[in-house]
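Presented below is the structure to which this report refers.
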Amino acid sequence: MRIIVIGAGVLGVTTAWYLRREGHDVTVVDRATRAGEETSFANGGLLHASHAEPWNAPGILWQLLRWIGREDSPLLLRPGQIPYLLGWGTGFVRNSTRSRFERHTRVNAALAVYSLQLLRELRRDTRIRYDDAQNGILKVFDDPAALDKALHASKVTAPLGVRHSVLDTPQTVALEPALEESRDQLIGSIYYPDDESGDARLFTERLAALATDAGVTFQFGCNVERLRLEGGRVKAVETATGPLEADSYVIAAGNDSKRLARQVGVRLPIYPVKGYSATLPLEGWRNPPQIPIIDDARKVVVTLLGGRIRLAGTAEFAGYDDSLQTRRAATVLRQASGRFPSLGQHAERHEPTYWAGLRPMTMDGPPILGPSPVPNLFLNAGPGHLGWTFACGCSRIVADVISGKTPELELEGLGLHRFQSW
Ligand SMILES: Cc1cc2nc3c(=O)[nH]c(=O)nc-3n(C[C@H](O)[C@H](O)[C@H](O)COP(=O)(O)OP(=O)(O)OC[C@H]3O[C@@H](n4cnc5c(N)ncnc54)[C@H](O)[C@@H]3O)c2cc1C
């Protein structure tokens, strides 16, 4: 079958990879000049089944209201966005009941565990490297109530294969000596031994090269303006350089997925949630953490990627504005330096490279995978804060659906049909 995949982010490239393995004739089109240039460019680098909870945890509404307009907060709702958030935002809040939150956490965790298993297989089969590390992930806590909450979430996901162990402060510092410098704040941690880390952009670019060798065609600098429908099916994608035709089409266009799908009458409840990262050279930081850290109190992650340190965090409801706001970007460094004061000193000597990206987030948490109401149009969209973690799993499921195979994970909770009443 001839298949066009729109988008060469981590989801689009992995989709192409798995489709090609099923023997399809695959073309990937992307408006950028190379793979992985948008949201997959400089994310936190974590492959974390441990962090499967959607962001609309019970109580999210009050948290959002508390942070409205506060530039220095990890979670920021810009007042001007409130009218645009009415549809999606209502769904986001409605899905924050305890039972829905736990159901969506389980769906996400199962997908993340599956995805990491596929990533390991891919690494074994292709020897692809992407500044990857298999050191697990450590979530650190300053507040006993927050640790209790995370423990509860970990108990929900443990039966799905997310192993974890709870550590007190001495055990935490023994496992990750870099935490010695903020030992006084710590009350404990949870260690997830099966989580991993790696550079999503490097992975995307290298997998695109492997896919090219395997016969996938990439058309870069090719903006898809619209999808043309004929007889209830997608007939072509219209690009600046003319139409491109195939038998089936996959939308894996990150934050543009919603606009493209809308053109053919498919509504995707996705909203872009902005985040920032800062990248610094590792050289000169004497005692960096070897295990990626998720700092619960400061809502920031600290990851080593080869010879670099990547800090990432913040959530901002600011629409499609992906501009780099220096003050917000600096929040990420400030939060991480609160945990690692020596990092703050290190950053005075090495100017960080800041980046802003938009997480394409669904209103309930899990991504939207598989069929759409248009018979030859398929979806791989809305992975939110977990797109790197989910990539192999989402894309293998979509490739299986297109190839007429039964996916290894059931589509219940992952398909567009779950929003029928929306
Ligand atoms: C600050 C931050 C930190 C994060 N940290 C993590 C993390 O630690 N772990 C994790 O799992 N996830 C993380 N994420 C989420 C993750 O980065 C995303 O979910 C993931 O990159 C989304 O991949 P994608 O392929 O769907 O989208 P993208 O990477 O945005 O790819 C979409 C592609 O489609 C192309 N495109 C769009 N529209 C068109 C069009 N009309 N025509 C042609 N091409 C088009 C774009 O050029 C782009 O290349 C983070 C995100 C942010 C912002």
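We label chains A, B, ... in the order they appear in the structure tokens, count residues from 1 in each chain, and number ligands from 1 in the order shown.
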
Residues at most 7 Å from ligand 1, using only C-alpha atoms and all ligand atoms? Could they come as a short mmCIF file (atom, residue, chain, number, x, y, z; two decimals) with all heavy atoms, in the first residue's frame?
```cif
data_model
loop_
_atom_site.label_atom_id
_atom_site.label_comp_id
_atom_site.auth_asym_id
_atom_site.auth_seq_id
_atom_site.Cartn_x
_atom_site.Cartn_y
_atom_site.Cartn_z
N ILE A 6 2.21 12.41 7.42
CA ILE A 6 2.45 13.86 7.54
C ILE A 6 3.13 14.12 8.88
O ILE A 6 2.54 13.91 9.93
CB ILE A 6 1.13 14.67 7.47
CG1 ILE A 6 0.34 14.27 6.22
CG2 ILE A 6 1.43 16.17 7.47
CD1 ILE A 6 -1.08 14.85 6.20
N GLY A 7 4.39 14.55 8.81
CA GLY A 7 5.14 14.87 10.02
C GLY A 7 6.33 13.95 10.21
O GLY A 7 6.19 12.72 10.20
N ALA A 8 7.50 14.56 10.37
CA ALA A 8 8.73 13.79 10.64
C ALA A 8 9.25 14.10 12.03
O ALA A 8 10.45 14.30 12.24
CB ALA A 8 9.78 14.08 9.57
N GLY A 9 8.33 14.18 13.00
CA GLY A 9 8.74 14.24 14.39
C GLY A 9 8.96 12.80 14.85
O GLY A 9 8.94 11.86 14.04
N VAL A 10 9.13 12.61 16.16
CA VAL A 10 9.43 11.26 16.64
C VAL A 10 8.27 10.30 16.33
O VAL A 10 8.49 9.11 16.02
CB VAL A 10 9.84 11.28 18.13
CG1 VAL A 10 8.68 11.63 19.05
CG2 VAL A 10 10.48 9.98 18.53
N LEU A 11 7.04 10.81 16.34
CA LEU A 11 5.90 9.93 16.04
C LEU A 11 5.83 9.58 14.55
O LEU A 11 5.57 8.42 14.18
CB LEU A 11 4.58 10.59 16.49
CG LEU A 11 3.98 10.06 17.79
CD1 LEU A 11 4.97 10.05 18.92
CD2 LEU A 11 2.75 10.84 18.18
N GLY A 12 6.05 10.58 13.69
CA GLY A 12 5.97 10.33 12.25
C GLY A 12 7.06 9.39 11.76
O GLY A 12 6.81 8.47 10.96
N VAL A 29 6.20 13.43 4.67
CA VAL A 29 6.35 14.83 4.26
C VAL A 29 6.42 15.71 5.51
O VAL A 29 5.70 15.48 6.48
CB VAL A 29 5.19 15.30 3.35
CG1 VAL A 29 5.25 14.68 2.00
CG2 VAL A 29 3.83 15.05 3.97
N ASP A 30 7.33 16.66 5.45
CA ASP A 30 7.47 17.57 6.58
C ASP A 30 7.87 18.95 6.09
O ASP A 30 8.67 19.09 5.17
CB ASP A 30 8.53 17.05 7.57
CG ASP A 30 8.38 17.70 8.94
OD1 ASP A 30 8.57 18.94 9.05
OD2 ASP A 30 8.06 16.98 9.90
N ARG A 31 7.29 19.96 6.73
CA ARG A 31 7.59 21.34 6.30
C ARG A 31 9.00 21.78 6.71
O ARG A 31 9.54 22.73 6.17
CB ARG A 31 6.55 22.29 6.89
CG ARG A 31 6.50 22.30 8.40
CD ARG A 31 5.31 23.10 8.89
NE ARG A 31 5.14 23.00 10.33
CZ ARG A 31 4.03 23.33 10.96
NH1 ARG A 31 2.98 23.76 10.30
NH2 ARG A 31 3.95 23.24 12.28
N ALA A 32 9.59 21.11 7.69
CA ALA A 32 10.93 21.49 8.14
C ALA A 32 11.98 20.93 7.17
O ALA A 32 11.67 20.17 6.26
CB ALA A 32 11.17 20.94 9.54
N ALA A 35 14.38 16.01 10.04
CA ALA A 35 13.49 15.34 11.01
C ALA A 35 13.70 15.91 12.42
O ALA A 35 14.81 16.32 12.78
CB ALA A 35 13.76 13.85 10.99
N GLY A 36 12.62 15.90 13.20
CA GLY A 36 12.72 16.22 14.63
C GLY A 36 12.96 17.68 14.95
O GLY A 36 13.59 18.01 15.94
N GLU A 37 12.44 18.57 14.13
CA GLU A 37 12.73 20.00 14.32
C GLU A 37 11.71 20.73 15.19
O GLU A 37 11.92 21.87 15.54
CB GLU A 37 12.80 20.70 12.95
CG GLU A 37 14.04 20.39 12.16
CD GLU A 37 15.28 21.06 12.73
OE1 GLU A 37 15.44 22.27 12.60
OE2 GLU A 37 16.10 20.34 13.34
N GLU A 38 10.56 20.10 15.48
CA GLU A 38 9.57 20.84 16.30
C GLU A 38 9.56 20.34 17.74
O GLU A 38 10.55 20.44 18.43
CB GLU A 38 8.19 20.80 15.62
CG GLU A 38 8.15 21.84 14.50
CD GLU A 38 6.77 22.19 13.98
OE1 GLU A 38 5.76 21.91 14.64
OE2 GLU A 38 6.72 22.77 12.88
N THR A 39 8.48 19.73 18.19
CA THR A 39 8.39 19.40 19.62
C THR A 39 9.40 18.33 20.04
O THR A 39 9.75 18.23 21.21
CB THR A 39 6.96 18.95 19.98
OG1 THR A 39 6.04 19.82 19.32
CG2 THR A 39 6.71 19.01 21.45
N SER A 40 9.84 17.53 19.07
CA SER A 40 10.80 16.47 19.42
C SER A 40 12.23 17.01 19.50
O SER A 40 13.17 16.25 19.68
CB SER A 40 10.74 15.35 18.37
OG SER A 40 9.41 14.91 18.19
N PHE A 41 12.40 18.32 19.38
CA PHE A 41 13.74 18.89 19.21
C PHE A 41 14.59 18.89 20.48
O PHE A 41 15.74 18.48 20.46
CB PHE A 41 13.61 20.32 18.67
CG PHE A 41 14.94 20.91 18.28
CD1 PHE A 41 15.57 20.52 17.12
CD2 PHE A 41 15.57 21.84 19.10
CE1 PHE A 41 16.80 21.05 16.76
CE2 PHE A 41 16.80 22.37 18.75
CZ PHE A 41 17.41 21.98 17.58
N ASN A 43 13.39 18.13 24.06
CA ASN A 43 12.52 17.85 25.21
C ASN A 43 13.34 17.33 26.39
O ASN A 43 14.57 17.32 26.34
CB ASN A 43 11.37 16.91 24.81
CG ASN A 43 11.85 15.51 24.48
OD1 ASN A 43 12.93 15.10 24.87
ND2 ASN A 43 11.04 14.77 23.74
N GLY A 44 12.64 16.91 27.44
CA GLY A 44 13.34 16.51 28.67
C GLY A 44 14.19 15.25 28.53
O GLY A 44 15.01 14.96 29.39
N GLY A 45 13.98 14.50 27.47
CA GLY A 45 14.82 13.32 27.23
C GLY A 45 14.44 12.09 28.04
O GLY A 45 15.13 11.08 27.99
N LEU A 46 13.33 12.18 28.78
CA LEU A 46 12.98 11.05 29.64
C LEU A 46 12.06 10.06 28.93
O LEU A 46 11.09 10.46 28.28
CB LEU A 46 12.28 11.55 30.91
CG LEU A 46 13.05 12.53 31.77
CD1 LEU A 46 12.27 12.82 33.05
CD2 LEU A 46 14.43 11.98 32.12
N LEU A 47 12.38 8.80 29.10
CA LEU A 47 11.50 7.72 28.62
C LEU A 47 10.93 7.12 29.89
O LEU A 47 11.56 6.28 30.54
CB LEU A 47 12.34 6.73 27.81
CG LEU A 47 12.83 7.36 26.50
CD1 LEU A 47 14.21 6.86 26.13
CD2 LEU A 47 11.85 7.10 25.38
N HIS A 48 9.78 7.65 30.27
CA HIS A 48 9.34 7.40 31.64
C HIS A 48 7.92 6.85 31.75
O HIS A 48 6.95 7.61 31.78
CB HIS A 48 9.50 8.63 32.53
CG HIS A 48 9.02 9.93 31.94
ND1 HIS A 48 8.37 10.03 30.75
CD2 HIS A 48 9.10 11.19 32.43
CE1 HIS A 48 8.09 11.30 30.53
NE2 HIS A 48 8.51 12.02 31.53
N CYS A 222 8.32 20.61 2.77
CA CYS A 222 7.07 20.37 2.05
C CYS A 222 5.90 20.57 3.01
O CYS A 222 5.56 19.66 3.80
CB CYS A 222 7.13 18.94 1.51
SG CYS A 222 5.72 18.49 0.51
N ASN A 223 5.34 21.76 3.00
CA ASN A 223 4.24 22.08 3.92
C ASN A 223 2.91 21.52 3.39
O ASN A 223 2.54 21.79 2.25
CB ASN A 223 4.14 23.60 4.08
CG ASN A 223 3.07 24.00 5.06
OD1 ASN A 223 2.94 23.40 6.12
ND2 ASN A 223 2.26 24.99 4.70
N VAL A 224 2.22 20.75 4.21
CA VAL A 224 0.90 20.26 3.80
C VAL A 224 -0.11 21.35 4.14
O VAL A 224 -0.33 21.68 5.31
CB VAL A 224 0.54 18.94 4.51
CG1 VAL A 224 -0.89 18.53 4.18
CG2 VAL A 224 1.51 17.85 4.10
N GLU A 225 -0.68 21.92 3.09
CA GLU A 225 -1.63 23.02 3.32
C GLU A 225 -3.00 22.47 3.67
O GLU A 225 -3.67 22.98 4.55
CB GLU A 225 -1.69 23.92 2.08
CG GLU A 225 -0.41 24.73 1.95
CD GLU A 225 -0.14 25.26 0.56
OE1 GLU A 225 -0.95 25.01 -0.36
OE2 GLU A 225 0.91 25.90 0.38
N ALA A 252 0.53 12.70 11.66
CA ALA A 252 1.43 12.67 12.82
C ALA A 252 2.13 14.03 12.87
O ALA A 252 3.34 14.13 12.98
CB ALA A 252 2.45 11.54 12.68
N ALA A 253 1.31 15.07 12.77
CA ALA A 253 1.84 16.42 12.55
C ALA A 253 1.90 17.25 13.84
O ALA A 253 1.82 18.47 13.80
CB ALA A 253 0.98 17.13 11.51
N GLY A 254 2.07 16.58 14.95
CA GLY A 254 2.23 17.30 16.22
C GLY A 254 1.11 18.28 16.44
O GLY A 254 -0.07 17.93 16.40
N ASN A 255 1.49 19.55 16.67
CA ASN A 255 0.48 20.56 17.01
C ASN A 255 -0.37 21.01 15.83
O ASN A 255 -1.35 21.72 16.01
CB ASN A 255 1.17 21.76 17.66
CG ASN A 255 1.67 21.39 19.04
OD1 ASN A 255 0.89 21.15 19.94
ND2 ASN A 255 2.99 21.26 19.18
N ASP A 256 0.00 20.61 14.61
CA ASP A 256 -0.81 20.96 13.44
C ASP A 256 -1.82 19.85 13.11
O ASP A 256 -2.63 20.00 12.19
CB ASP A 256 0.10 21.23 12.24
CG ASP A 256 -0.55 22.20 11.24
OD1 ASP A 256 -1.39 23.02 11.67
OD2 ASP A 256 -0.23 22.12 10.04
N SER A 257 -1.79 18.77 13.85
CA SER A 257 -2.69 17.64 13.57
C SER A 257 -4.14 18.07 13.65
O SER A 257 -4.97 17.67 12.83
CB SER A 257 -2.44 16.51 14.56
OG SER A 257 -1.11 16.06 14.47
N LEU A 260 -5.25 20.08 10.53
CA LEU A 260 -5.33 19.24 9.33
C LEU A 260 -6.56 18.32 9.39
O LEU A 260 -7.28 18.18 8.41
CB LEU A 260 -4.05 18.41 9.17
CG LEU A 260 -2.80 19.21 8.79
CD1 LEU A 260 -1.54 18.34 8.94
CD2 LEU A 260 -2.89 19.75 7.37
N LYS A 274 2.61 24.67 26.46
CA LYS A 274 4.00 25.11 26.23
C LYS A 274 4.94 24.68 27.36
O LYS A 274 4.55 24.64 28.53
CB LYS A 274 3.99 26.64 26.14
CG LYS A 274 5.28 27.25 25.65
CD LYS A 274 5.03 28.72 25.38
CE LYS A 274 6.24 29.41 24.80
NZ LYS A 274 5.93 30.81 24.45
N GLY A 275 6.16 24.34 26.98
CA GLY A 275 7.17 24.03 27.99
C GLY A 275 8.52 24.54 27.52
O GLY A 275 8.68 24.95 26.37
N TYR A 276 9.46 24.55 28.43
CA TYR A 276 10.79 25.07 28.11
C TYR A 276 11.87 24.05 28.47
O TYR A 276 11.69 23.23 29.37
CB TYR A 276 11.06 26.34 28.91
CG TYR A 276 10.33 27.54 28.38
CD1 TYR A 276 9.09 27.89 28.87
CD2 TYR A 276 10.89 28.32 27.38
CE1 TYR A 276 8.40 29.00 28.38
CE2 TYR A 276 10.22 29.42 26.88
CZ TYR A 276 8.98 29.76 27.38
OH TYR A 276 8.32 30.84 26.89
N SER A 277 13.00 24.16 27.77
CA SER A 277 14.17 23.40 28.21
C SER A 277 15.40 24.29 28.14
O SER A 277 15.41 25.31 27.45
CB SER A 277 14.36 22.12 27.38
OG SER A 277 14.83 22.42 26.09
N ALA A 312 14.32 20.55 31.90
CA ALA A 312 13.05 20.84 31.20
C ALA A 312 11.91 20.93 32.19
O ALA A 312 11.94 20.28 33.25
CB ALA A 312 12.76 19.77 30.16
N GLY A 313 10.92 21.73 31.83
CA GLY A 313 9.75 21.83 32.69
C GLY A 313 8.86 22.98 32.27
O GLY A 313 8.95 23.48 31.15
N ALA A 356 11.82 26.48 23.49
CA ALA A 356 10.41 26.37 23.89
C ALA A 356 9.71 25.43 22.92
O ALA A 356 9.98 25.45 21.72
CB ALA A 356 9.73 27.73 23.87
N GLY A 357 8.81 24.60 23.44
CA GLY A 357 8.07 23.68 22.58
C GLY A 357 6.64 23.55 23.09
O GLY A 357 6.33 23.91 24.24
N LEU A 358 5.77 23.06 22.23
CA LEU A 358 4.35 22.91 22.58
C LEU A 358 3.99 21.43 22.65
O LEU A 358 4.13 20.72 21.65
CB LEU A 358 3.48 23.60 21.52
CG LEU A 358 3.76 25.08 21.27
CD1 LEU A 358 2.92 25.59 20.08
CD2 LEU A 358 3.47 25.91 22.51
N ARG A 359 3.54 20.98 23.81
CA ARG A 359 3.14 19.58 23.94
C ARG A 359 1.73 19.42 23.40
O ARG A 359 0.80 20.04 23.93
CB ARG A 359 3.15 19.16 25.41
CG ARG A 359 4.46 19.45 26.15
CD ARG A 359 4.24 19.20 27.63
NE ARG A 359 5.42 19.46 28.44
CZ ARG A 359 5.68 20.63 29.04
NH1 ARG A 359 4.88 21.65 28.90
NH2 ARG A 359 6.76 20.75 29.79
N PRO A 360 1.53 18.58 22.39
CA PRO A 360 0.17 18.40 21.85
C PRO A 360 -0.64 17.49 22.78
O PRO A 360 -0.48 16.28 22.77
CB PRO A 360 0.39 17.73 20.49
CG PRO A 360 1.83 17.30 20.46
CD PRO A 360 2.52 17.74 21.71
N ALA A 381 -1.55 11.08 17.09
CA ALA A 381 -1.53 12.48 17.54
C ALA A 381 -1.83 12.59 19.03
O ALA A 381 -2.34 11.67 19.66
CB ALA A 381 -2.59 13.26 16.75
N GLY A 382 -1.48 13.76 19.57
CA GLY A 382 -1.86 14.09 20.94
C GLY A 382 -1.11 13.34 22.04
O GLY A 382 -1.70 13.04 23.08
N PRO A 383 0.22 13.10 21.88
CA PRO A 383 0.92 12.35 22.93
C PRO A 383 1.29 13.18 24.15
O PRO A 383 1.80 12.65 25.13
CB PRO A 383 2.19 11.88 22.21
CG PRO A 383 2.47 12.96 21.22
CD PRO A 383 1.10 13.44 20.76
N GLY A 384 1.04 14.52 24.07
CA GLY A 384 1.24 15.37 25.25
C GLY A 384 2.65 15.37 25.79
O GLY A 384 3.63 15.48 25.04
N HIS A 385 2.76 15.21 27.11
CA HIS A 385 4.07 15.30 27.77
C HIS A 385 4.84 13.99 27.67
O HIS A 385 5.92 13.85 28.24
CB HIS A 385 3.91 15.71 29.23
CG HIS A 385 3.23 14.68 30.09
ND1 HIS A 385 1.92 14.31 29.92
CD2 HIS A 385 3.69 13.94 31.14
CE1 HIS A 385 1.60 13.39 30.82
NE2 HIS A 385 2.67 13.15 31.57
N LEU A 386 4.26 12.99 26.94
CA LEU A 386 4.88 11.66 26.91
C LEU A 386 5.22 11.17 25.51
O LEU A 386 5.42 9.98 25.30
CB LEU A 386 3.90 10.67 27.58
CG LEU A 386 3.79 10.82 29.10
CD1 LEU A 386 2.49 10.24 29.62
CD2 LEU A 386 4.98 10.16 29.79
N GLY A 387 5.30 12.10 24.55
CA GLY A 387 5.46 11.68 23.15
C GLY A 387 6.73 10.90 22.86
O GLY A 387 6.73 9.99 22.02
N TRP A 388 7.79 11.23 23.52
CA TRP A 388 9.06 10.51 23.32
C TRP A 388 8.92 9.10 23.92
O TRP A 388 9.26 8.11 23.30
CB TRP A 388 10.18 11.34 23.94
CG TRP A 388 11.58 10.84 24.02
CD1 TRP A 388 12.47 11.21 25.00
CD2 TRP A 388 12.31 9.97 23.14
NE1 TRP A 388 13.68 10.61 24.78
CE2 TRP A 388 13.62 9.84 23.65
CE3 TRP A 388 11.99 9.26 21.99
CZ2 TRP A 388 14.59 9.05 23.05
CZ3 TRP A 388 12.96 8.47 21.38
CH2 TRP A 388 14.24 8.36 21.91
N THR A 389 8.36 9.04 25.10
CA THR A 389 8.16 7.75 25.76
C THR A 389 7.24 6.85 24.94
O THR A 389 7.48 5.65 24.79
CB THR A 389 7.50 7.98 27.15
OG1 THR A 389 8.26 8.94 27.86
CG2 THR A 389 7.37 6.70 27.94
N PHE A 390 6.18 7.45 24.40
CA PHE A 390 5.14 6.67 23.71
C PHE A 390 5.49 6.31 22.27
O PHE A 390 4.78 5.50 21.65
CB PHE A 390 3.85 7.49 23.62
CG PHE A 390 3.05 7.62 24.88
CD1 PHE A 390 2.12 8.64 25.02
CD2 PHE A 390 3.19 6.71 25.92
CE1 PHE A 390 1.34 8.76 26.16
CE2 PHE A 390 2.42 6.83 27.07
CZ PHE A 390 1.50 7.85 27.18
#
```

* To do: Name all residues at most 10 Å from A:Gly80 (count only C-alpha atoms; drop same-chain ones fewer than 4 positions away) and give them as a ChimeraX atom specification.
  => /A:69,84-85,317-319

Keeping only N, CA and C atoms, take the residues you just selected and write them out as a CSV table (one decimal), in the first residue's frame.
```csv
chain,number,residue,atom,x,y,z
A,69,GLY,N,-1.8,33.8,35.4
A,69,GLY,CA,-1.0,35.0,35.2
A,69,GLY,C,0.3,35.1,35.9
A,84,TYR,N,-10.4,30.5,24.6
A,84,TYR,CA,-10.0,29.4,23.6
A,84,TYR,C,-10.0,28.1,24.3
A,85,LEU,N,-9.9,28.1,25.7
A,85,LEU,CA,-9.8,26.9,26.4
A,85,LEU,C,-11.2,26.3,26.8
A,317,PHE,N,-0.4,27.6,29.4
A,317,PHE,CA,-1.5,27.5,28.5
A,317,PHE,C,-1.5,28.9,27.8
A,318,ALA,N,-0.9,28.9,26.6
A,318,ALA,CA,-0.6,30.2,25.9
A,318,ALA,C,-1.0,30.0,24.5
A,319,GLY,N,-1.8,29.0,24.1
A,319,GLY,CA,-2.1,28.9,22.7
A,319,GLY,C,-1.0,28.4,21.9
```

* Asked: So which one's closest to A:Asp132, A:Asp184, A:Glu205, A:Glu230, A:Glu196? Using only C-alpha atoms, please.
  ->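 Answer, going by the shortest atom-to-atom distance: A:Glu196.
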
* Asked: Just asking: which residues within stretch 116-314 of chain A are alpha helix (DSSP H) according to DSSP, as a PyMOL selection string?
  -> chain A and resi 116-126+144-157+169-175+200-213+257-262

* **Who sits within 9 Å of A:Ile291, only C-alpha atoms, same chain under 5 positions skipped, as an MDAnalysis selection string** => chainID A and resid 133:138 175:176 302:304

Emit the selected residues as a PDB file, in the first residue's frame, including N, CA, C and O atoms.
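The file below, selection08.pdb, is the result:
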```
ATOM      1  N   ALA A 133      20.704   6.364  27.817  1.00  0.00           N
ATOM      2  CA  ALA A 133      21.203   5.769  29.065  1.00  0.00           C
ATOM      3  C   ALA A 133      20.096   4.929  29.670  1.00  0.00           C
ATOM      4  O   ALA A 133      18.913   5.272  29.544  1.00  0.00           O
ATOM      5  N   GLN A 134      20.485   3.856  30.289  1.00  0.00           N
ATOM      6  CA  GLN A 134      19.517   2.934  30.894  1.00  0.00           C
ATOM      7  C   GLN A 134      19.767   2.889  32.406  1.00  0.00           C
ATOM      8  O   GLN A 134      20.103   1.853  32.961  1.00  0.00           O
ATOM      9  N   ASN A 135      19.640   4.050  33.053  1.00  0.00           N
ATOM     10  CA  ASN A 135      19.961   4.145  34.488  1.00  0.00           C
ATOM     11  C   ASN A 135      18.730   4.240  35.376  1.00  0.00           C
ATOM     12  O   ASN A 135      18.853   4.516  36.559  1.00  0.00           O
ATOM     13  N   GLY A 136      17.539   4.065  34.796  1.00  0.00           N
ATOM     14  CA  GLY A 136      16.331   4.285  35.579  1.00  0.00           C
ATOM     15  C   GLY A 136      16.085   5.779  35.746  1.00  0.00           C
ATOM     16  O   GLY A 136      16.795   6.604  35.162  1.00  0.00           O
ATOM     17  N   ILE A 137      15.073   6.111  36.527  1.00  0.00           N
ATOM     18  CA  ILE A 137      14.750   7.516  36.830  1.00  0.00           C
ATOM     19  C   ILE A 137      14.419   7.621  38.310  1.00  0.00           C
ATOM     20  O   ILE A 137      13.806   6.718  38.885  1.00  0.00           O
ATOM     21  N   LEU A 138      14.856   8.730  38.915  1.00  0.00           N
ATOM     22  CA  LEU A 138      14.627   8.954  40.337  1.00  0.00           C
ATOM     23  C   LEU A 138      13.712  10.169  40.510  1.00  0.00           C
ATOM     24  O   LEU A 138      14.043  11.264  40.055  1.00  0.00           O
ATOM     25  N   LEU A 175      22.214   6.234  46.442  1.00  0.00           N
ATOM     26  CA  LEU A 175      22.002   5.852  45.035  1.00  0.00           C
ATOM     27  C   LEU A 175      22.461   6.960  44.099  1.00  0.00           C
ATOM     28  O   LEU A 175      23.090   6.699  43.070  1.00  0.00           O
ATOM     29  N   GLU A 176      22.168   8.218  44.462  1.00  0.00           N
ATOM     30  CA  GLU A 176      22.561   9.345  43.599  1.00  0.00           C
ATOM     31  C   GLU A 176      23.291  10.385  44.448  1.00  0.00           C
ATOM     32  O   GLU A 176      22.673  11.319  44.976  1.00  0.00           O
ATOM     33  N   VAL A 302      16.010  16.891  35.300  1.00  0.00           N
ATOM     34  CA  VAL A 302      17.438  17.103  35.031  1.00  0.00           C
ATOM     35  C   VAL A 302      17.974  15.796  34.457  1.00  0.00           C
ATOM     36  O   VAL A 302      17.911  14.750  35.108  1.00  0.00           O
ATOM     37  N   THR A 303      18.481  15.862  33.223  1.00  0.00           N
ATOM     38  CA  THR A 303      18.903  14.639  32.527  1.00  0.00           C
ATOM     39  C   THR A 303      20.269  14.859  31.890  1.00  0.00           C
ATOM     40  O   THR A 303      20.502  15.912  31.290  1.00  0.00           O
ATOM     41  N   LEU A 304      21.127  13.862  31.972  1.00  0.00           N
ATOM     42  CA  LEU A 304      22.374  13.917  31.208  1.00  0.00           C
ATOM     43  C   LEU A 304      22.123  13.294  29.846  1.00  0.00           C
ATOM     44  O   LEU A 304      21.580  12.193  29.749  1.00  0.00           O
TER      45      LEU A 304
END
```

* Asked: How many Å lie between atom CA of A:Asp400 and atom CA of A:Tyr130, rounded to one decimal?
  ->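 According to the coordinates, atom CA of A:Asp400 and atom CA of A:Tyr130 are separated by 25.6 Å.
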
* Asked: Which polymer residues have any atom within 9 Å of an atom of A:Ala211, counting only C-alpha atoms, with same-chain residues fewer than 2 positions away left out, as a list in words?
  ->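 In the requested format, the answer is Val13, Thr14, Ala16, Trp17, Arg20, Arg206, Leu207, Ala208, Ala209, Asp213, Ala214, Gly215, Val216 and Thr217 of chain A.
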
* To do: List the neighbours of A:Ala236 out to 7 Å using only C-alpha atoms; skip same-chain residues closer than 4 positions along the sequence, and give me the result as number ranges by chain.
  => A: 227-228, 243-246

* Give the answer as one residue: which of A:Thr169, A:Gln325, A:Gln420, A:Gln335 has the shortest atom-to-atom distance to A:Ile294, using only C-alpha atoms? =>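 Selected residue with least distance to A:Ile294: A:Gln335.
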